[in-house]
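Asks: So here's upload13.tsv (TSV, C-alpha atoms).
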```tsv
chain	number	residue	atom	x	y	z
A	1	MET	CA	0.00	0.00	0.00
A	2	ASN	CA	2.55	2.56	1.04
A	3	SER	CA	5.96	3.00	2.43
A	4	GLU	CA	5.93	3.55	6.14
A	5	ASN	CA	9.47	4.87	5.95
A	6	ASN	CA	8.99	7.85	3.70
A	7	GLN	CA	5.35	8.38	4.63
A	8	THR	CA	4.19	8.94	1.07
A	9	LEU	CA	1.37	7.47	-0.93
A	10	SER	CA	1.68	6.01	-4.37
A	11	ASP	CA	0.18	7.90	-7.27
A	12	ALA	CA	-2.83	5.57	-7.37
A	13	GLU	CA	-3.35	5.99	-3.64
A	14	GLN	CA	-3.17	9.76	-3.96
A	15	GLU	CA	-5.79	9.66	-6.68
A	16	ARG	CA	-8.01	7.49	-4.51
A	17	LEU	CA	-7.66	9.95	-1.66
A	18	SER	CA	-8.54	12.80	-3.99
A	19	LEU	CA	-11.74	11.00	-5.03
A	20	PHE	CA	-12.50	10.31	-1.39
A	21	LEU	CA	-12.24	13.99	-0.51
A	22	ASP	CA	-14.63	14.84	-3.33
A	23	GLY	CA	-17.14	12.24	-2.19
A	24	ALA	CA	-16.73	10.47	-5.50
A	25	LEU	CA	-15.98	6.96	-4.18
A	26	PRO	CA	-18.64	4.27	-3.76
A	27	PRO	CA	-19.60	3.73	-0.10
A	28	ASN	CA	-17.57	0.56	0.43
A	29	GLU	CA	-14.41	2.12	-1.02
A	30	ALA	CA	-14.98	5.31	0.93
A	31	ALA	CA	-15.22	3.28	4.14
A	32	ASP	CA	-11.95	1.59	3.26
A	33	VAL	CA	-10.18	4.94	2.72
A	34	GLU	CA	-11.68	6.28	5.93
A	35	ARG	CA	-10.15	3.37	7.82
A	36	LEU	CA	-6.75	3.94	6.17
A	37	VAL	CA	-6.83	7.63	7.06
A	38	ALA	CA	-7.53	6.71	10.67
A	39	GLU	CA	-4.91	3.97	10.96
A	40	ASP	CA	-2.15	4.55	8.43
A	41	PRO	CA	0.31	7.45	9.11
A	42	ALA	CA	1.00	8.03	5.41
A	43	TRP	CA	-2.70	8.24	4.58
A	44	LYS	CA	-3.34	10.40	7.61
A	45	SER	CA	-0.56	12.79	6.67
A	46	ALA	CA	-1.66	13.09	3.05
A	47	HIS	CA	-5.26	13.57	4.09
A	48	ARG	CA	-4.33	16.32	6.51
A	49	ALA	CA	-2.19	18.06	3.89
A	50	LEU	CA	-5.02	18.08	1.38
A	51	LYS	CA	-7.51	19.36	3.90
A	52	ILE	CA	-5.20	22.18	4.94
A	53	THR	CA	-4.51	23.03	1.30
A	54	GLY	CA	-8.22	23.40	0.70
A	55	GLU	CA	-8.61	25.54	3.77
A	56	MET	CA	-5.75	27.79	2.72
A	57	LEU	CA	-7.26	28.25	-0.71
A	58	ARG	CA	-10.71	29.03	0.64
A	59	ALA	CA	-9.90	31.21	3.64
A	60	PRO	CA	-9.06	34.50	1.85
A	61	VAL	CA	-11.87	34.04	-0.64
A	62	GLU	CA	-14.39	33.50	2.13
A	63	ARG	CA	-13.17	36.55	3.98
A	64	HIS	CA	-13.21	38.87	0.96
A	65	ALA	CA	-16.50	37.49	-0.30
A	66	ALA	CA	-18.13	38.14	3.05
A	67	ALA	CA	-16.87	41.72	3.05
A	68	ALA	CA	-17.84	42.48	-0.55
A	69	ARG	CA	-20.25	45.33	-1.22
A	70	PHE	CA	-21.99	45.62	-4.55
A	71	ASP	CA	-23.54	49.04	-4.01
A	72	GLY	CA	-22.20	50.63	-7.18
A	73	LEU	CA	-22.20	47.51	-9.31
A	74	TRP	CA	-25.51	47.95	-11.11
A	75	GLY	CA	-24.91	51.65	-11.68
A	76	GLY	CA	-21.57	50.87	-13.29
A	77	ILE	CA	-23.08	48.18	-15.46
A	78	GLU	CA	-26.09	50.24	-16.48
A	79	GLN	CA	-23.93	53.13	-17.61
A	80	ARG	CA	-22.26	50.86	-20.12
A	81	LEU	CA	-25.37	49.18	-21.48
A	82	PRO	CA	-26.66	50.33	-24.87
A	83	ALA	CA	-28.55	53.60	-24.53
A	84	SER	CA	-31.21	52.39	-26.95
A	85	GLU	CA	-32.29	49.70	-24.56
A	86	ARG	CA	-35.43	50.64	-22.77
A	87	GLU	CA	-37.01	49.88	-19.49
A	88	PRO	CA	-40.04	47.63	-20.01
A	89	SER	CA	-43.21	49.58	-20.71
A	90	LEU	CA	-46.36	49.20	-18.66
A	91	LEU	CA	-47.85	47.17	-21.50
A	92	ASP	CA	-44.80	44.86	-21.53
A	93	ARG	CA	-45.10	44.25	-17.82
A	94	LEU	CA	-48.86	43.74	-18.13
A	95	LYS	CA	-48.31	41.23	-20.92
A	96	ALA	CA	-45.71	39.41	-18.85
A	97	PHE	CA	-48.09	39.26	-15.94
A	98	LEU	CA	-51.19	38.40	-17.92
A	99	ARG	CA	-50.27	35.20	-19.68
A	100	PRO	CA	-52.52	34.09	-22.58
A	101	PRO	CA	-54.91	31.98	-20.46
A	102	VAL	CA	-55.35	34.90	-18.13
A	103	MET	CA	-55.86	37.29	-21.03
A	104	ILE	CA	-58.50	35.05	-22.58
A	105	GLY	CA	-60.26	34.72	-19.27
A	106	LEU	CA	-60.07	38.46	-18.81
A	107	ALA	CA	-61.42	39.06	-22.30
A	108	ALA	CA	-64.28	36.67	-21.68
A	109	ALA	CA	-65.08	38.44	-18.45
A	110	ALA	CA	-64.96	41.80	-20.23
A	111	ALA	CA	-67.26	40.51	-22.95
A	112	ALA	CA	-69.69	39.21	-20.37
A	113	ALA	CA	-69.57	42.53	-18.53
A	114	ALA	CA	-70.18	44.41	-21.76
A	115	TYR	CA	-73.11	42.17	-22.53
A	116	VAL	CA	-74.61	42.81	-19.13
A	117	ALA	CA	-74.05	46.53	-19.54
A	118	THR	CA	-75.76	46.68	-22.91
A	119	ARG	CA	-78.58	44.23	-22.14
A	120	PRO	CA	-82.06	45.75	-21.64
A	121	SER	CA	-82.98	46.07	-18.03
A	122	THR	CA	-86.46	44.66	-18.65
A	123	ALA	CA	-87.43	41.09	-19.33
A	124	PRO	CA	-86.42	39.61	-22.68
A	125	THR	CA	-88.37	40.99	-25.61
A	126	PRO	CA	-89.16	39.51	-28.96
A	127	GLU	CA	-86.31	41.66	-30.32
A	128	ALA	CA	-83.77	39.89	-28.16
A	129	PRO	CA	-80.75	38.66	-30.13
A	130	ALA	CA	-80.49	35.10	-31.29
A	131	PRO	CA	-78.22	32.85	-29.23
A	132	GLY	CA	-74.60	33.47	-29.98
A	133	ARG	CA	-75.07	37.12	-30.80
A	134	LEU	CA	-74.12	39.77	-28.34
A	135	ALA	CA	-75.01	43.29	-27.41
A	136	THR	CA	-77.81	44.12	-29.78
A	137	HIS	CA	-80.81	45.06	-27.75
A	138	SER	CA	-82.46	47.24	-30.35
A	139	PRO	CA	-82.48	47.55	-34.11
A	140	GLU	CA	-80.77	50.91	-33.79
A	141	SER	CA	-77.86	49.65	-31.78
A	142	ALA	CA	-77.54	46.61	-34.01
A	143	THR	CA	-77.14	48.90	-36.97
A	144	ALA	CA	-74.60	50.95	-35.09
A	145	VAL	CA	-72.58	47.83	-34.26
A	146	ALA	CA	-72.69	46.64	-37.84
A	147	GLU	CA	-71.41	50.02	-39.01
A	148	SER	CA	-68.61	50.31	-36.46
A	149	GLU	CA	-65.34	48.70	-37.53
A	150	PRO	CA	-63.82	46.19	-35.09
A	151	VAL	CA	-60.43	47.27	-33.79
A	152	ILE	CA	-57.73	44.71	-33.16
A	153	ILE	CA	-56.01	45.59	-29.97
A	154	GLU	CA	-53.73	42.68	-29.25
A	155	GLY	CA	-52.29	39.52	-30.71
A	156	ILE	CA	-51.01	36.78	-28.46
A	157	GLU	CA	-49.15	33.62	-29.39
A	158	SER	CA	-48.65	30.71	-27.04
A	159	ALA	CA	-47.33	27.27	-27.98
A	160	GLY	CA	-48.03	27.96	-31.62
A	161	GLN	CA	-51.64	29.01	-30.96
A	162	LYS	CA	-52.45	32.59	-31.90
A	163	THR	CA	-55.25	34.49	-30.22
A	164	VAL	CA	-56.42	37.88	-31.36
A	165	LEU	CA	-58.33	40.19	-29.04
A	166	VAL	CA	-60.78	42.46	-30.82
A	167	SER	CA	-62.59	45.39	-29.29
A	168	GLN	CA	-65.90	46.41	-30.82
A	169	PRO	CA	-67.44	49.70	-29.72
A	170	VAL	CA	-71.20	49.56	-29.17
A	171	GLU	CA	-72.98	52.80	-29.68
A	172	PRO	CA	-74.68	54.82	-28.42
A	173	ASN	CA	-73.92	54.02	-24.78
A	174	GLY	CA	-70.15	53.71	-25.31
A	175	ALA	CA	-69.86	50.13	-24.09
A	176	THR	CA	-67.29	47.89	-25.76
A	177	VAL	CA	-67.44	44.20	-26.51
A	178	ILE	CA	-64.14	42.33	-26.56
A	179	TRP	CA	-63.88	39.23	-28.71
A	180	THR	CA	-61.19	36.58	-28.64
A	181	LEU	CA	-60.47	34.84	-31.93
A	182	ASP	CA	-58.23	31.81	-32.13
A	183	ALA	CA	-56.19	31.78	-35.31
A	184	PRO	CA	-54.94	28.46	-36.75
A	185	ALA	CA	-51.43	27.45	-35.74
A	186	PRO	CA	-48.83	28.15	-38.42
A	187	GLU	CA	-47.30	25.30	-40.39
A	188	SER	CA	-44.01	24.26	-38.82
A	189	GLN	CA	-40.94	24.87	-40.93
A	190	PRO	CA	-38.97	21.79	-41.89
A	191	GLY	CA	-35.76	21.64	-39.90
A	192	SER	CA	-36.77	24.48	-37.61
A	193	ASN	CA	-36.12	22.38	-34.52
A	194	ILE	CA	-32.60	21.44	-35.47
A	195	PRO	CA	-30.37	22.88	-32.78
A	196	ALA	CA	-27.66	25.27	-33.78
A	197	ALA	CA	-24.33	23.69	-34.45
A	198	SER	CA	-22.59	25.68	-31.77
A	199	ASP	CA	-23.20	25.28	-28.08
A	200	ASP	CA	-23.44	28.18	-25.68
A	201	ASP	CA	-19.95	29.30	-26.42
A	202	PRO	CA	-18.04	31.12	-23.77
A	203	ILE	CA	-17.28	34.72	-24.53
B	1	MET	CA	-22.38	24.01	-4.31
B	2	GLU	CA	-23.03	26.80	-1.88
B	3	VAL	CA	-24.50	29.56	-3.96
B	4	LYS	CA	-25.69	32.71	-2.30
B	5	SER	CA	-28.82	33.69	-4.08
B	6	ALA	CA	-31.54	36.21	-3.55
B	7	MET	CA	-33.94	33.99	-5.45
B	8	THR	CA	-37.23	33.17	-3.80
B	9	SER	CA	-40.03	30.92	-4.88
B	10	MET	CA	-41.74	33.95	-6.43
B	11	ASP	CA	-38.78	34.88	-8.61
B	12	PRO	CA	-38.90	33.88	-12.25
B	13	PRO	CA	-36.30	31.30	-13.29
B	14	ASP	CA	-33.13	32.36	-15.07
B	15	ALA	CA	-34.36	31.11	-18.43
B	16	GLU	CA	-37.40	33.38	-18.27
B	17	LEU	CA	-35.31	36.39	-17.31
B	18	VAL	CA	-32.81	35.63	-20.07
B	19	GLU	CA	-35.60	35.63	-22.64
B	20	LYS	CA	-36.76	39.01	-21.38
B	21	VAL	CA	-33.22	40.36	-21.54
B	22	LYS	CA	-33.08	39.22	-25.15
B	23	GLN	CA	-36.15	41.38	-25.78
B	24	GLY	CA	-34.35	44.35	-24.26
B	25	ASP	CA	-35.71	44.20	-20.74
B	26	ARG	CA	-33.13	45.93	-18.59
B	27	HIS	CA	-35.07	45.28	-15.42
B	28	ALA	CA	-34.79	41.53	-16.02
B	29	PHE	CA	-31.04	41.87	-16.51
B	30	ARG	CA	-30.72	43.69	-13.24
B	31	ARG	CA	-32.44	40.79	-11.52
B	32	LEU	CA	-29.98	38.35	-13.07
B	33	VAL	CA	-27.06	40.50	-11.93
B	34	GLU	CA	-28.35	40.62	-8.38
B	35	ARG	CA	-28.97	36.90	-8.37
B	36	HIS	CA	-25.54	35.82	-9.65
B	37	ARG	CA	-23.10	38.55	-8.60
B	38	ASP	CA	-21.95	36.75	-5.43
B	39	ARG	CA	-21.16	33.58	-7.29
B	40	ILE	CA	-19.24	35.39	-10.02
B	41	HIS	CA	-17.35	37.40	-7.43
B	42	ARG	CA	-16.27	34.25	-5.62
B	43	VAL	CA	-15.11	32.62	-8.85
B	44	ALA	CA	-13.10	35.72	-9.74
B	45	LEU	CA	-11.62	35.89	-6.24
B	46	GLY	CA	-10.55	32.27	-6.49
B	47	MET	CA	-9.05	32.74	-9.93
B	48	LEU	CA	-7.31	36.08	-9.41
B	49	ARG	CA	-6.80	36.20	-5.62
B	50	ASN	CA	-7.16	39.96	-5.76
B	51	PRO	CA	-10.29	41.66	-4.34
B	52	ASP	CA	-10.05	44.79	-6.51
B	53	ASP	CA	-9.56	42.82	-9.70
B	54	ALA	CA	-12.36	40.46	-8.71
B	55	MET	CA	-14.86	43.28	-8.39
B	56	ASP	CA	-13.80	44.64	-11.79
B	57	VAL	CA	-14.29	41.21	-13.25
B	58	VAL	CA	-17.86	40.99	-11.94
B	59	GLN	CA	-18.78	44.17	-13.79
B	60	GLU	CA	-16.92	43.26	-16.98
B	61	VAL	CA	-18.41	39.77	-17.08
B	62	PHE	CA	-21.97	41.03	-16.80
B	63	ILE	CA	-21.40	43.63	-19.50
B	64	ARG	CA	-19.92	40.96	-21.77
B	65	VAL	CA	-22.79	38.62	-21.04
B	66	HIS	CA	-25.33	41.32	-21.80
B	67	GLY	CA	-23.66	42.06	-25.10
B	68	ARG	CA	-23.70	38.41	-26.11
B	69	ILE	CA	-26.95	37.30	-24.54
B	70	GLN	CA	-28.43	36.48	-27.95
B	71	GLU	CA	-25.78	33.78	-28.30
B	72	PHE	CA	-26.93	31.98	-25.18
B	73	LYS	CA	-29.15	29.18	-26.39
B	74	GLY	CA	-29.99	27.65	-23.05
B	75	GLU	CA	-28.14	24.41	-23.72
B	76	SER	CA	-26.44	24.78	-20.36
B	77	ALA	CA	-27.68	26.43	-17.20
B	78	PHE	CA	-27.30	30.19	-17.29
B	79	GLY	CA	-25.30	30.08	-14.04
B	80	THR	CA	-22.85	27.59	-15.52
B	81	TRP	CA	-22.48	29.72	-18.64
B	82	LEU	CA	-21.75	32.71	-16.44
B	83	VAL	CA	-19.03	30.82	-14.57
B	84	ARG	CA	-17.58	29.75	-17.89
B	85	VAL	CA	-17.49	33.32	-19.14
B	86	THR	CA	-15.91	34.42	-15.85
B	87	VAL	CA	-13.21	31.76	-15.96
B	88	ASN	CA	-12.34	32.61	-19.55
B	89	TYR	CA	-12.25	36.29	-18.76
B	90	CYS	CA	-9.97	35.73	-15.76
B	91	ILE	CA	-7.63	33.55	-17.83
B	92	ASP	CA	-7.48	36.20	-20.55
B	93	ARG	CA	-6.70	38.80	-17.93
B	94	GLN	CA	-3.96	36.69	-16.40
B	95	ARG	CA	-2.44	36.06	-19.82
B	96	ARG	CA	-2.41	39.75	-20.61
B	97	GLN	CA	-0.72	40.55	-17.33
B	98	LYS	CA	1.63	37.55	-17.57
B	99	THR	CA	2.27	37.85	-13.87
B	100	TRP	CA	-0.19	35.56	-12.21
B	101	ASP	CA	2.00	34.85	-9.23
B	102	ALA	CA	2.74	38.55	-8.65
B	103	ARG	CA	-0.99	39.21	-8.54
B	104	PHE	CA	-1.48	36.57	-5.92
B	105	VAL	CA	-2.19	38.31	-2.67
B	106	ILE	CA	-1.09	36.56	0.44
B	107	ASP	CA	-3.78	36.91	3.00
B	108	ASN	CA	-1.98	38.54	5.90
B	109	GLU	CA	-5.07	38.40	8.01
B	110	TRP	CA	-5.41	34.69	7.58
B	111	GLU	CA	-5.31	33.21	11.03
B	112	GLY	CA	-4.05	29.86	10.00
B	113	VAL	CA	-5.50	26.45	9.73
B	114	SER	CA	-7.87	25.72	12.52
B	115	GLU	CA	-5.79	22.97	14.04
B	116	TYR	CA	-2.81	25.26	14.62
B	117	GLY	CA	-4.32	28.64	15.38
B	118	PRO	CA	-3.05	32.23	15.19
B	119	GLU	CA	0.04	31.65	17.33
B	120	HIS	CA	1.71	30.02	14.35
B	121	LYS	CA	1.68	33.15	12.20
B	122	LEU	CA	5.20	32.73	10.95
B	123	MET	CA	4.58	29.23	9.79
B	124	ASN	CA	1.28	30.24	8.28
B	125	ALA	CA	3.06	32.93	6.28
B	126	GLN	CA	5.66	30.44	5.11
B	127	MET	CA	3.00	27.98	4.15
B	128	GLY	CA	1.13	30.72	2.32
B	129	GLU	CA	4.25	31.57	0.36
B	130	ALA	CA	4.87	27.91	-0.45
B	131	LEU	CA	1.29	27.53	-1.62
B	132	ARG	CA	1.54	30.68	-3.74
B	133	ARG	CA	4.67	29.37	-5.41
B	134	ALA	CA	3.16	25.95	-6.01
B	135	LEU	CA	0.02	27.47	-7.48
B	136	SER	CA	2.01	29.70	-9.79
B	137	GLU	CA	3.94	26.66	-11.00
B	138	LEU	CA	0.76	24.76	-11.77
B	139	GLY	CA	-0.51	24.92	-15.31
B	140	GLU	CA	-3.43	27.21	-15.98
B	141	GLU	CA	-5.85	24.31	-16.45
B	142	HIS	CA	-4.80	22.55	-13.26
B	143	ARG	CA	-5.01	25.75	-11.27
B	144	THR	CA	-8.46	26.54	-12.64
B	145	ALA	CA	-9.72	23.05	-11.86
B	146	ILE	CA	-8.50	23.08	-8.25
B	147	MET	CA	-9.92	26.56	-7.65
B	148	LEU	CA	-13.33	25.69	-9.06
B	149	ARG	CA	-13.42	22.55	-6.94
B	150	GLU	CA	-11.91	23.72	-3.65
B	151	VAL	CA	-13.02	27.34	-3.58
B	152	ASN	CA	-16.27	27.30	-5.52
B	153	GLY	CA	-17.36	23.76	-4.78
B	154	LEU	CA	-18.26	22.87	-8.36
B	155	THR	CA	-18.88	19.21	-9.11
B	156	TYR	CA	-16.75	17.29	-11.59
B	157	GLU	CA	-19.55	17.61	-14.13
B	158	GLU	CA	-19.85	21.37	-13.66
B	159	ILE	CA	-16.10	21.86	-13.94
B	160	ALA	CA	-16.08	19.75	-17.10
B	161	GLU	CA	-18.81	21.94	-18.59
B	162	VAL	CA	-17.10	25.15	-17.57
B	163	MET	CA	-13.70	24.05	-18.88
B	164	GLY	CA	-15.06	22.28	-21.94
B	165	CYS	CA	-13.35	18.97	-21.26
B	166	PRO	CA	-14.37	15.42	-20.26
B	167	LYS	CA	-15.08	14.59	-16.63
B	168	GLY	CA	-12.12	12.19	-16.56
B	169	THR	CA	-9.82	15.03	-17.53
B	170	VAL	CA	-11.15	17.10	-14.63
B	171	MET	CA	-10.47	14.25	-12.20
B	172	SER	CA	-6.97	13.87	-13.55
B	173	ARG	CA	-6.26	17.61	-13.29
B	174	LEU	CA	-7.53	17.72	-9.73
B	175	HIS	CA	-5.40	14.79	-8.74
B	176	HIS	CA	-2.32	16.33	-10.32
B	177	ALA	CA	-2.94	19.74	-8.73
B	178	ARG	CA	-3.55	18.31	-5.28
B	179	LYS	CA	-0.44	16.23	-5.45
B	180	LYS	CA	1.70	19.25	-6.30
B	181	LEU	CA	0.16	21.45	-3.62
B	182	GLN	CA	0.40	18.75	-1.00
B	183	LEU	CA	4.10	18.27	-1.76
B	184	ALA	CA	4.65	22.01	-1.33
B	185	LEU	CA	3.06	22.03	2.10
B	186	ARG	CA	4.40	18.74	3.31
B	187	PRO	CA	7.64	20.01	4.94
B	188	PHE	CA	5.70	22.52	7.02
B	189	LEU	CA	3.13	19.99	8.06
B	190	GLU	CA	5.78	17.50	9.06
B	191	GLU	CA	7.54	20.18	11.07
B	192	ALA	CA	4.26	21.13	12.67
B	193	GLY	CA	3.65	17.51	13.54
B	194	GLU	CA	7.03	17.29	15.26
B	195	ARG	CA	6.40	20.52	17.09
B	196	ASP	CA	3.05	19.25	18.28
B	197	LEU	CA	4.79	16.24	19.77
B	198	ALA	CA	7.45	18.45	21.32
B	199	GLY	CA	4.79	20.82	22.58
B	200	ARG	CA	3.20	18.03	24.53
B	201	ALA	CA	6.56	17.60	26.30
B	202	GLY	CA	6.56	21.31	27.24
B	203	GLU	CA	9.10	22.44	24.66
B	204	GLY	CA	6.86	23.63	21.83
B	205	VAL	CA	7.02	27.32	21.25
B	206	ARG	CA	10.10	27.93	23.43
B	207	ARG	CA	12.21	25.61	21.33
B	208	ARG	CA	11.36	27.60	18.19
B	209	GLU	CA	12.11	30.90	19.93
```
Can I see the file as structure tokens?
Replies:
Amino acid sequence: MNSENNQTLSDAEQERLSLFLDGALPPNEAADVERLVAEDPAWKSAHRALKITGEMLRAPVERHAAAARFDGLWGGIEQRLPASEREPSLLDRLKAFLRPPVMIGLAAAAAAAAYVATRPSTAPTPEAPAPGRLATHSPESATAVAESEPVIIEGIESAGQKTVLVSQPVEPNGATVIWTLDAPAPESQPGSNIPAASDDDPI
Amino acid sequence: MEVKSAMTSMDPPDAELVEKVKQGDRHAFRRLVERHRDRIHRVALGMLRNPDDAMDVVQEVFIRVHGRIQEFKGESAFGTWLVRVTVNYCIDRQRRQKTWDARFVIDNEWEGVSEYGPEHKLMNAQMGEALRRALSELGEEHRTAIMLREVNGLTYEEIAEVMGCPKGTVMSRLHHARKKLQLALRPFLEEAGERDLAGRAGEGVRRRE
């Protein structure tokens, strides 16, 4: 195993000790090394030297890391970022917060609210709209809706599924109906999922 | 690996923030900086052993990363990519200066290994000098591997990813580096062992004085 006279380990033994310190040995081998470190002077000496080496390497780093202050770090970085880059707008943050399912739910709720707002307050009349049609409680308003152009306010894409939110003003009371329209998913491009040849290269 | 992080369960994952940064979201980048700055600082401290240089490196690395964020494809963890960028930057810096060992700062406030204590300051200083010399004599790759393992606690797999080499190569480099460093410290440790024995007989410190 080793020479008791010169108190050194062979190269293979050193490598085994290195693996032991890194917790990379299987349990039975680790137990064997643990026993050698406890009983064999050469193993004990080498083990102690490696532990102290690690401590000497870590000590100054730990001390300086603990004392580090990053107060001016972001300011220094920000000064050197491209000036054209912008802070996220309110709409960007809203979009990030309101994921597509939330947006669709919100649009549905808005549509329902608009329907309630534009519905006649009395009991249903013979002029009530057919099922599936919204917000036309009189011939006049129906005409107004037909004449007003829908306005697309937002397009959302999630997992290949596109959803378009459309606002439709309803005159004369100013209420707005919001529609959600699911567009068909685009055809996938052949080879579009082939990863790039290069990995995340270091800079 | 012990990674100081300000991340909470409510924070978006790195990948999400990276995508936002790619869209020009500076706020998202700031969150990434705050999340990873400690880790990058520790890597730079381990590589350069100089607190002032290490803080410079943190800033430079994040500016580099921001400029090349479009190249990050998410094939490795963002944190690992950051460490890789940091290591490469530190190596470039060392090569430019060509004086790695001169930049190595001996930690005068180091109180010594726990088993000896502050009363052995002279020996600690000698050991520090021996370690500095041994580190400077190590090849760049061996030195990087031992620092990432001992100081930053990276696993073999993480070191392999950072250094762009097989895991077996990492194990070999660590073994080689440890052997060299251990040999450098061995005379001091043997002397300390003898002194400990002498100390038990009441001759310890007086004999050295």
Asks: I need the chain B residues near chain A as a ChimeraX atom specification; criterion: at most 6 Å, counting all atoms listed in the file.
Replies: /B:24-26,45,72-73,85,107,150-151,175,182
Asks: For atom CA of B:Gly46 and atom CA of B:Ile91, determine how far apart the two atoms are, in Å to one decimal place.
Replies: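 Separating atom CA of B:Gly46 from atom CA of B:Ile91 is a distance of 11.8 Å.
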Asks: Using only C-alpha atoms, can you tell me which of B:Leu122, B:Val43, B:Ile146, B:Leu185 comes closest to B:Val170?
Replies: B:Ile146
Asks: Take atom CA of B:Ala160 and atom CA of A:Val33 and report the distance between them in Å, one decimal.
Replies: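 Atom-to-atom, atom CA of B:Ala160 and atom CA of A:Val33 are spaced 25.4 Å apart.
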Asks: Return the single residue from B:Val162, B:Val21, B:Leu183, B:Ala54 that is closest to B:Gly67, with distances computed using all atoms listed in the file.
Replies: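 Answer, going by the shortest atom-to-atom distance: B:Val21.
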Asks: Any idea what the distance is between atom CA of B:Glu75 and atom CA of B:Ala15?
Replies: 10.6 Å
Asks: Given the choices B:Arg64, B:Arg31, B:Arg186, B:Arg49, which gets closest to B:Gln94 if the distance is worked out from only C-alpha atoms?
Replies: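 The closest residue to B:Gln94 is B:Arg49.
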Asks: Go through B:Arg84, B:Ile69, B:Gln23, B:Arg143 one by one, measure the shortest atom-to-atom distance of each to B:Lys180 using all atoms listed in the file, and give the residue with the smallest value.
Replies: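 Checking each of B:Arg84, B:Ile69, B:Gln23, B:Arg143 against B:Lys180, counting all atoms listed in the file, the winner is B:Arg143.
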Asks: Restricting the calculation to only C-alpha atoms: of B:Ser136, B:Thr80, B:Gln97, B:Gln59, which residue gets closest to B:Ala184?
Replies: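 Looking only at the distances to B:Ala184, the closest residue turns out to be B:Ser136.
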Asks: For a quick check of understanding, using all atoms listed in the file, which of B:Pro13, B:Pro166, B:Gly128, B:Pro51 has the smallest distance to B:Ala28?
Replies: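 The closest residue to B:Ala28 is B:Pro13.
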